[in-house]
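Chemist: What follows is run02.txt, compact mmCIF, C-alpha atoms.
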# COMPACT_ATOMS: atom_id res chain seq x y z
CA MET A 181 -18.57 -14.72 -20.31
CA LYS A 182 -19.53 -11.86 -18.01
CA LEU A 183 -19.83 -8.59 -19.93
CA ALA A 184 -20.15 -4.96 -18.93
CA ILE A 185 -21.36 -2.53 -21.58
CA GLN A 186 -20.81 1.23 -21.78
CA VAL A 187 -22.93 3.38 -24.12
CA ASN A 188 -21.52 6.84 -24.84
CA GLU A 189 -23.98 8.29 -27.35
CA GLY A 190 -27.67 9.17 -27.38
CA PRO A 191 -30.29 7.44 -29.53
CA TYR A 192 -30.88 8.23 -33.23
CA GLN A 193 -28.09 10.80 -33.76
CA HIS A 194 -25.53 8.01 -33.41
CA GLN A 195 -25.78 4.28 -34.01
CA ALA A 196 -23.79 3.43 -30.86
CA SER A 197 -26.87 2.62 -28.78
CA ASP A 198 -28.30 0.43 -31.58
CA SER A 199 -25.02 -1.46 -31.83
CA ALA A 200 -24.81 -1.86 -28.07
CA TYR A 201 -28.39 -3.16 -27.97
CA HIS A 202 -27.82 -5.70 -30.74
CA PHE A 203 -24.55 -6.78 -29.12
CA ALA A 204 -26.18 -7.17 -25.69
CA LYS A 205 -29.17 -9.06 -27.11
CA ALA A 206 -26.96 -11.44 -29.11
CA ALA A 207 -24.69 -12.06 -26.12
CA LEU A 208 -27.65 -12.78 -23.82
CA GLU A 209 -29.25 -15.10 -26.37
CA LYS A 210 -25.97 -17.02 -26.56
CA GLY A 211 -26.07 -17.48 -22.79
CA HIS A 212 -23.52 -14.85 -21.78
CA GLU A 213 -24.12 -12.62 -18.79
CA VAL A 214 -24.43 -8.84 -19.04
CA CYS A 215 -23.79 -7.60 -15.51
CA ARG A 216 -24.53 -3.94 -16.26
CA VAL A 217 -25.19 -1.49 -19.09
CA PHE A 218 -23.83 1.92 -18.15
CA PHE A 219 -24.98 4.99 -20.08
CA TYR A 220 -22.54 7.90 -20.09
CA HIS A 221 -22.16 11.26 -21.87
CA ASP A 222 -25.19 11.77 -24.18
CA GLY A 223 -25.84 8.06 -23.71
CA VAL A 224 -28.08 9.00 -20.77
CA TYR A 225 -30.72 10.16 -23.29
CA ASN A 226 -31.35 6.46 -23.98
CA GLY A 227 -33.19 6.43 -20.66
CA SER A 228 -35.85 9.07 -21.37
CA ARG A 229 -39.36 7.66 -21.27
CA LEU A 230 -40.60 10.74 -23.18
CA THR A 231 -38.84 9.64 -26.36
CA THR A 232 -41.41 9.34 -29.18
CA PRO A 233 -39.91 8.18 -32.47
CA PRO A 234 -42.03 7.98 -35.66
CA GLN A 235 -44.09 4.79 -35.79
CA ASP A 236 -42.19 3.34 -38.73
CA ASP A 237 -38.88 3.64 -36.91
CA ARG A 238 -37.33 1.49 -34.17
CA ASN A 239 -37.95 2.59 -30.60
CA VAL A 240 -34.47 2.61 -29.09
CA VAL A 241 -35.59 3.33 -25.52
CA ALA A 242 -38.42 0.77 -25.53
CA ARG A 243 -36.04 -1.86 -26.90
CA TRP A 244 -33.71 -1.39 -23.92
CA VAL A 245 -36.67 -1.57 -21.54
CA ASP A 246 -37.94 -4.79 -23.14
CA LEU A 247 -34.48 -6.37 -23.05
CA ALA A 248 -34.15 -5.41 -19.38
CA GLU A 249 -37.57 -6.98 -18.68
CA ALA A 250 -36.63 -10.21 -20.43
CA TYR A 251 -33.19 -10.63 -18.86
CA ASP A 252 -33.42 -8.55 -15.67
CA LEU A 253 -30.70 -6.23 -16.99
CA ASP A 254 -29.20 -3.50 -14.83
CA LEU A 255 -29.51 -0.28 -16.87
CA VAL A 256 -27.67 2.60 -15.19
CA LEU A 257 -27.55 6.27 -16.18
CA CYS A 258 -24.55 8.21 -14.85
CA VAL A 259 -25.84 10.72 -12.32
CA ALA A 260 -23.45 13.54 -13.24
CA ALA A 261 -24.16 13.12 -16.96
CA ALA A 262 -27.91 12.83 -16.26
CA GLN A 263 -28.02 15.98 -14.14
CA ARG A 264 -26.24 17.97 -16.86
CA ARG A 265 -28.67 16.76 -19.47
CA GLY A 266 -31.95 16.85 -17.56
CA LEU A 267 -32.61 13.14 -17.00
CA VAL A 268 -34.52 12.91 -13.73
CA ASP A 269 -35.91 10.12 -11.54
CA ASP A 270 -37.94 10.49 -8.33
CA GLY A 271 -34.88 10.75 -6.11
CA GLU A 272 -33.16 13.33 -8.31
CA ALA A 273 -36.37 15.36 -8.65
CA LYS A 274 -36.66 15.54 -4.88
CA ARG A 275 -32.97 16.28 -4.30
CA ASN A 276 -32.78 19.04 -6.88
CA ALA A 277 -36.33 20.41 -6.51
CA LYS A 278 -37.43 19.57 -10.06
CA ASP A 279 -41.12 19.52 -10.98
CA ALA A 280 -41.06 16.42 -13.16
CA THR A 281 -39.31 13.14 -13.89
CA ASN A 282 -38.59 11.57 -17.27
CA ILE A 283 -36.68 8.35 -16.63
CA ALA A 284 -37.92 5.21 -18.39
CA PRO A 285 -38.87 2.10 -16.39
CA ARG A 286 -36.06 -0.38 -15.67
CA PHE A 287 -33.46 2.41 -15.78
CA ARG A 288 -31.86 3.81 -12.64
CA ILE A 289 -29.57 6.75 -11.97
CA SER A 290 -26.35 6.13 -10.07
CA GLY A 291 -22.71 7.15 -9.81
CA LEU A 292 -19.64 6.59 -11.96
CA GLY A 293 -18.46 4.08 -9.38
CA GLN A 294 -21.02 1.72 -10.94
CA LEU A 295 -19.09 1.87 -14.23
CA VAL A 296 -15.73 1.25 -12.58
CA GLU A 297 -17.17 -1.57 -10.46
CA ALA A 298 -18.75 -3.22 -13.51
CA ALA A 299 -15.41 -3.02 -15.36
CA ILE A 300 -13.71 -4.77 -12.44
CA LEU A 301 -16.37 -7.47 -12.05
CA ALA A 302 -16.79 -8.27 -15.74
CA ASP A 303 -14.50 -10.36 -17.92
CA ARG A 304 -14.80 -7.68 -20.61
CA LEU A 305 -15.92 -4.06 -20.76
CA VAL A 306 -17.29 -3.27 -24.22
CA VAL A 307 -17.58 0.43 -25.07
CA PHE A 308 -19.94 1.74 -27.74
CA GLY A 309 -19.28 5.29 -28.85
CA ASP A 310 -18.77 7.48 -31.85
CA MET B 79 -14.23 -7.40 -5.29
CA PRO B 80 -11.45 -9.10 -7.31
CA THR B 81 -7.86 -7.91 -6.95
CA SER B 82 -6.61 -4.97 -8.94
CA LYS B 83 -6.86 -4.86 -12.70
CA LYS B 84 -4.83 -2.93 -15.26
CA PHE B 85 -6.99 0.01 -16.31
CA MET B 86 -6.28 2.09 -19.39
CA TYR B 87 -8.14 5.30 -20.16
CA LEU B 88 -7.73 6.01 -23.86
CA ASN B 89 -8.30 9.69 -24.65
CA ARG B 90 -8.58 10.57 -28.32
CA ARG B 91 -10.47 13.85 -28.38
CA ALA B 92 -9.56 17.52 -27.94
CA PRO B 93 -10.13 18.99 -24.46
CA TYR B 94 -12.82 21.42 -25.62
CA GLY B 95 -15.43 21.24 -28.36
CA THR B 96 -16.98 18.14 -26.82
CA ILE B 97 -17.36 16.97 -23.24
CA TYR B 98 -15.56 13.63 -23.66
CA ALA B 99 -12.22 14.76 -22.20
CA TRP B 100 -13.78 16.25 -19.08
CA GLU B 101 -16.17 13.37 -18.47
CA SER B 102 -13.28 10.91 -18.99
CA LEU B 103 -11.34 12.76 -16.32
CA GLU B 104 -14.34 12.45 -14.00
CA VAL B 105 -14.19 8.64 -14.33
CA VAL B 106 -10.46 8.68 -13.53
CA LEU B 107 -11.09 10.77 -10.40
CA ILE B 108 -13.98 8.61 -9.16
CA GLY B 109 -12.18 5.41 -10.17
CA ALA B 110 -9.27 6.27 -7.85
CA ALA B 111 -11.39 5.02 -4.94
CA PHE B 112 -11.18 1.50 -6.42
CA ASP B 113 -7.37 1.22 -6.16
CA GLN B 114 -6.74 -0.19 -9.62
CA GLU B 115 -3.51 -0.04 -11.63
CA VAL B 116 -4.28 3.00 -13.76
CA SER B 117 -2.66 4.36 -16.92
CA LEU B 118 -3.85 7.02 -19.31
CA MET B 119 -3.10 7.11 -23.03
CA PHE B 120 -3.44 10.26 -25.14
CA ALA B 121 -3.66 9.83 -28.89
CA ASP B 122 -5.04 11.66 -31.92
CA ASP B 123 -6.53 15.03 -30.86
CA GLY B 124 -6.39 13.73 -27.28
CA VAL B 125 -2.76 14.93 -27.09
CA TYR B 126 -4.11 18.50 -26.96
CA GLN B 127 -5.52 17.71 -23.51
CA LEU B 128 -2.00 17.99 -22.04
CA VAL B 129 -0.78 21.11 -23.85
CA LYS B 130 0.63 23.70 -21.43
CA GLY B 131 -0.97 27.10 -21.00
CA SER B 132 -4.35 26.48 -22.60
CA ASP B 133 -6.96 28.95 -21.38
CA PRO B 134 -10.60 28.46 -22.37
CA SER B 135 -11.94 31.16 -20.04
CA GLU B 136 -13.01 33.50 -22.85
CA ALA B 137 -15.18 30.71 -24.21
CA GLU B 138 -16.67 30.34 -20.71
CA MET B 139 -15.48 26.77 -20.50
CA LYS B 140 -14.19 25.25 -17.29
CA ASN B 141 -10.38 25.03 -17.33
CA PHE B 142 -9.47 21.55 -16.12
CA LEU B 143 -5.81 21.50 -17.17
CA ALA B 144 -4.79 21.80 -13.51
CA THR B 145 -6.72 18.62 -12.72
CA TYR B 146 -4.36 16.55 -14.91
CA ARG B 147 -1.45 17.78 -12.78
CA THR B 148 -3.06 16.22 -9.69
CA LEU B 149 -3.62 12.78 -11.23
CA GLY B 150 -0.55 11.37 -9.45
CA ASP B 151 -2.55 11.83 -6.24
CA TYR B 152 -5.43 9.87 -7.78
CA GLY B 153 -3.50 6.65 -8.28
CA VAL B 154 -2.55 7.31 -11.91
CA ARG B 155 0.86 5.75 -12.45
CA HIS B 156 1.49 6.46 -16.14
CA MET B 157 0.33 9.04 -18.69
CA PHE B 158 1.41 7.91 -22.13
CA VAL B 159 1.33 10.18 -25.17
CA HIS B 160 1.34 8.80 -28.71
CA GLN B 161 4.36 10.22 -30.50
CA ALA B 162 2.99 10.20 -34.06
CA SER B 163 -0.15 12.05 -32.88
CA LEU B 164 2.05 14.71 -31.26
CA GLU B 165 4.24 15.08 -34.36
CA ALA B 166 1.27 15.27 -36.72
CA ARG B 167 0.11 18.31 -34.74
CA GLY B 168 3.53 20.03 -34.62
CA LEU B 169 3.93 19.33 -30.89
CA THR B 170 6.74 17.86 -28.79
CA GLN B 171 6.95 16.74 -25.18
CA ALA B 172 8.23 20.26 -24.32
CA ASP B 173 4.74 21.57 -25.13
CA LEU B 174 3.11 19.28 -22.56
CA ILE B 175 2.51 19.68 -18.84
CA GLU B 176 4.52 17.64 -16.34
CA VAL B 177 2.79 15.48 -13.78
CA ALA B 178 4.66 14.36 -10.66
CA TRP B 179 3.94 11.20 -8.73
CA GLU B 180 4.92 10.05 -5.27
CA ASP B 181 4.25 6.80 -3.48
CA LEU B 182 3.30 7.96 0.00
CA ASP B 183 4.16 4.57 1.54
CA THR B 184 7.64 4.12 0.08
CA GLU B 185 8.41 7.81 -0.63
CA GLN B 186 9.40 6.75 -4.13
CA GLU B 187 9.11 9.78 -6.41
CA VAL B 188 8.81 10.29 -10.15
CA ASP B 189 9.22 13.85 -11.44
CA ASN B 190 7.12 13.36 -14.51
CA ILE B 191 4.84 10.44 -15.36
CA VAL B 192 4.05 11.86 -18.82
CA GLU B 193 5.88 9.62 -21.28
CA VAL B 194 5.95 9.76 -25.08
CA VAL B 195 5.63 6.32 -26.69
CA ASP B 196 5.79 5.14 -30.29
CA THR B 197 2.96 3.34 -32.07
CA ASP B 198 4.22 -0.18 -31.31
CA GLN B 199 4.63 0.64 -27.63
CA ALA B 200 1.17 2.22 -27.51
CA ALA B 201 -0.36 -0.86 -29.12
CA CYS B 202 1.42 -3.12 -26.62
CA LEU B 203 0.33 -1.03 -23.64
CA ILE B 204 -3.29 -1.11 -24.76
CA ALA B 205 -3.14 -4.85 -25.47
CA GLU B 206 -1.67 -5.51 -22.00
CA SER B 207 -4.51 -3.64 -20.29
CA GLU B 208 -7.39 -5.64 -18.85
CA VAL B 209 -9.90 -2.80 -19.05
CA VAL B 210 -9.80 -0.07 -21.71
CA PHE B 211 -12.11 2.91 -21.24
CA SER B 212 -12.29 4.62 -24.60
CA PHE B 213 -13.23 8.30 -24.77
Is it possible to express this structure as structure tokens?

Modeler:
Amino acid sequence: MKLAIQVNEGPYQHQASDSAYHFAKAALEKGHEVCRVFFYHDGVYNGSRLTTPPQDDRNVVARWVDLAEAYDLDLVLCVAAAQRRGLVDDGEAKRNAKDATNIAPRFRISGLGQLVEAAILADRLVVFGD
Amino acid sequence: MPTSKKFMYLNRRAPYGTIYAWESLEVVLIGAAFDQEVSLMFADDGVYQLVKGSDPSEAEMKNFLATYRTLGDYGVRHMFVHQASLEARGLTQADLIEVAWEDLDTEQEVDNIVEVVDTDQAACLIAESEVVFSF
């Protein structure tokens, strides 16, 4: 089955990103396809490479990056949500004259159309939120 | 791109206090470009999103009530409101805004696409949808 996943909450405060990760990983290991993971609302914080959890805790961001490496996942942060919350890649830094970037590898910033398109292309959209 | 799918946006949160309602609306507006068959469902505190006359200006929040009134122009065909959620909050349809819709090709008009539905109808409508965006 072809799946699209939407993550609506940031890491640590809510378990939504953990659940989405475990769901995506299990689906991929079973041979399903995940055509896109779209991070919306505070979910965009899952894409900050500056996240530094305590060493005895899971690293939510690094887990997404590793999963994307292993399965060539498309991890997309919503641009409007990212701009509001200060998630910046090279393109956004240039466009909005910011002096730094903080996006993790394997993530990209793009528009809400990517969420709608994924919902159309996938057999199922699975939303993880609060 | 495959042919059109039945989209349902399920709104369950109050318009202010959190950003979910506004960012849900942003998906509806952007999604209009994809020409899908779009319905919205308002349940739980989400019914407050359609209450007439709300004014958050003193709280310095953006007032987006007027945007709901334009949704007919954004390809939204139905706006369903869960009756039990309305009643639990002391509201009736008279407290809600009206949203008109017109098919520009056929000139078919609907005065108000806001429709109150009972729990069974709401469950059916959600089950019939091929994509449910939950906010």

Chemist: Could you list, as a PyMOL selection string, every residue of chain A that has an atom within 12 Å of an atom of chain B, counting all atoms listed in the file?

Modeler: chain A and resi 183-189+220-223+258-262+264-265+291-310

Chemist: Any chance you can output those residues with C-alpha atoms as a short mmCIF file (atom, residue, chain, number, x, y, z; two decimals), in the frame of the given file?

Modeler:
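File written: part00.cif
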data_model
loop_
_atom_site.label_atom_id
_atom_site.label_comp_id
_atom_site.auth_asym_id
_atom_site.auth_seq_id
_atom_site.Cartn_x
_atom_site.Cartn_y
_atom_site.Cartn_z
CA LEU A 183 -19.83 -8.59 -19.93
CA ALA A 184 -20.15 -4.96 -18.93
CA ILE A 185 -21.36 -2.53 -21.58
CA GLN A 186 -20.81 1.23 -21.78
CA VAL A 187 -22.93 3.38 -24.12
CA ASN A 188 -21.52 6.84 -24.84
CA GLU A 189 -23.98 8.29 -27.35
CA TYR A 220 -22.54 7.90 -20.09
CA HIS A 221 -22.16 11.26 -21.87
CA ASP A 222 -25.19 11.77 -24.18
CA GLY A 223 -25.84 8.06 -23.71
CA CYS A 258 -24.55 8.21 -14.85
CA VAL A 259 -25.84 10.72 -12.32
CA ALA A 260 -23.45 13.54 -13.24
CA ALA A 261 -24.16 13.12 -16.96
CA ALA A 262 -27.91 12.83 -16.26
CA ARG A 264 -26.24 17.97 -16.86
CA ARG A 265 -28.67 16.76 -19.47
CA GLY A 291 -22.71 7.15 -9.81
CA LEU A 292 -19.64 6.59 -11.96
CA GLY A 293 -18.46 4.08 -9.38
CA GLN A 294 -21.02 1.72 -10.94
CA LEU A 295 -19.09 1.87 -14.23
CA VAL A 296 -15.73 1.25 -12.58
CA GLU A 297 -17.17 -1.57 -10.46
CA ALA A 298 -18.75 -3.22 -13.51
CA ALA A 299 -15.41 -3.02 -15.36
CA ILE A 300 -13.71 -4.77 -12.44
CA LEU A 301 -16.37 -7.47 -12.05
CA ALA A 302 -16.79 -8.27 -15.74
CA ASP A 303 -14.50 -10.36 -17.92
CA ARG A 304 -14.80 -7.68 -20.61
CA LEU A 305 -15.92 -4.06 -20.76
CA VAL A 306 -17.29 -3.27 -24.22
CA VAL A 307 -17.58 0.43 -25.07
CA PHE A 308 -19.94 1.74 -27.74
CA GLY A 309 -19.28 5.29 -28.85
CA ASP A 310 -18.77 7.48 -31.85
#

Chemist: Please, what distance in Å, to one decimal, runs between CA of His212 (chain A) and CA of Glu249 (chain A)?

Modeler: 16.4 Å

Chemist: One decimal, in Å: what's the spacing between CA of Asp198 (chain B) and CA of Leu118 (chain B)?

Modeler: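 CA of Leu118 (chain B) lies 16.2 Å from CA of Asp198 (chain B).
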
Chemist: With distances taken over only C-alpha atoms, which residue among B:Asp133, B:Asp123, B:Glu187, B:Glu180 lies nearest Ala166 (chain B)?

Modeler: B:Asp123

Chemist: Pick out the residues sitting within 10 Å of Tyr94 (chain B), and hand them over as a list of chain:residue names; count all atoms listed in the file, and ignore anything fewer than 6 positions along from it in its own chain.

Modeler: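 Final neighbour list, sorted by chain and number: B:Trp100, B:Tyr126, B:Gln127, B:Pro134, B:Ala137, B:Met139, B:Lys140, B:Asn141.
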
Chemist: By how many Å are CA of Thr145 (chain B) and CA of Leu103 (chain B) apart?

Modeler: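 Value for the CA of Thr145 (chain B)-CA of Leu103 (chain B) distance: 8.3 Å.
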
Chemist: Using all atoms listed in the file and a cutoff of 12 Å, can you tell me which residues are near (9.5, 15.9, -10.5) in the file's coordinates, and write them out as a list in words?

Modeler: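 Protein and nucleic acid residues near the point are Arg147, Gly150, Ile175, Glu176, Val177, Ala178, Trp179, Glu180, Gln186, Glu187, Val188, Asp189, Asn190, Ile191 and Val192 of chain B.
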
Chemist: Pick from B:Val116, B:Ala144, B:Ala172, B:Val159: nearest to Gln199 (chain B), with all atoms listed in the file counted?

Modeler: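 Of all the options, B:Val159 lies closest to Gln199 (chain B).
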
Chemist: Centre and edge lengths, as JSON, for the axis-aligned box enclosing every listed atom of region 281-290 of chain A with 8 Å of padding on each of the six sides, in Å to one decimal?

Modeler:
{"center_x": -32.8, "center_y": 6.4, "center_z": -14.2, "size_x": 29.0, "size_y": 29.5, "size_z": 24.3}
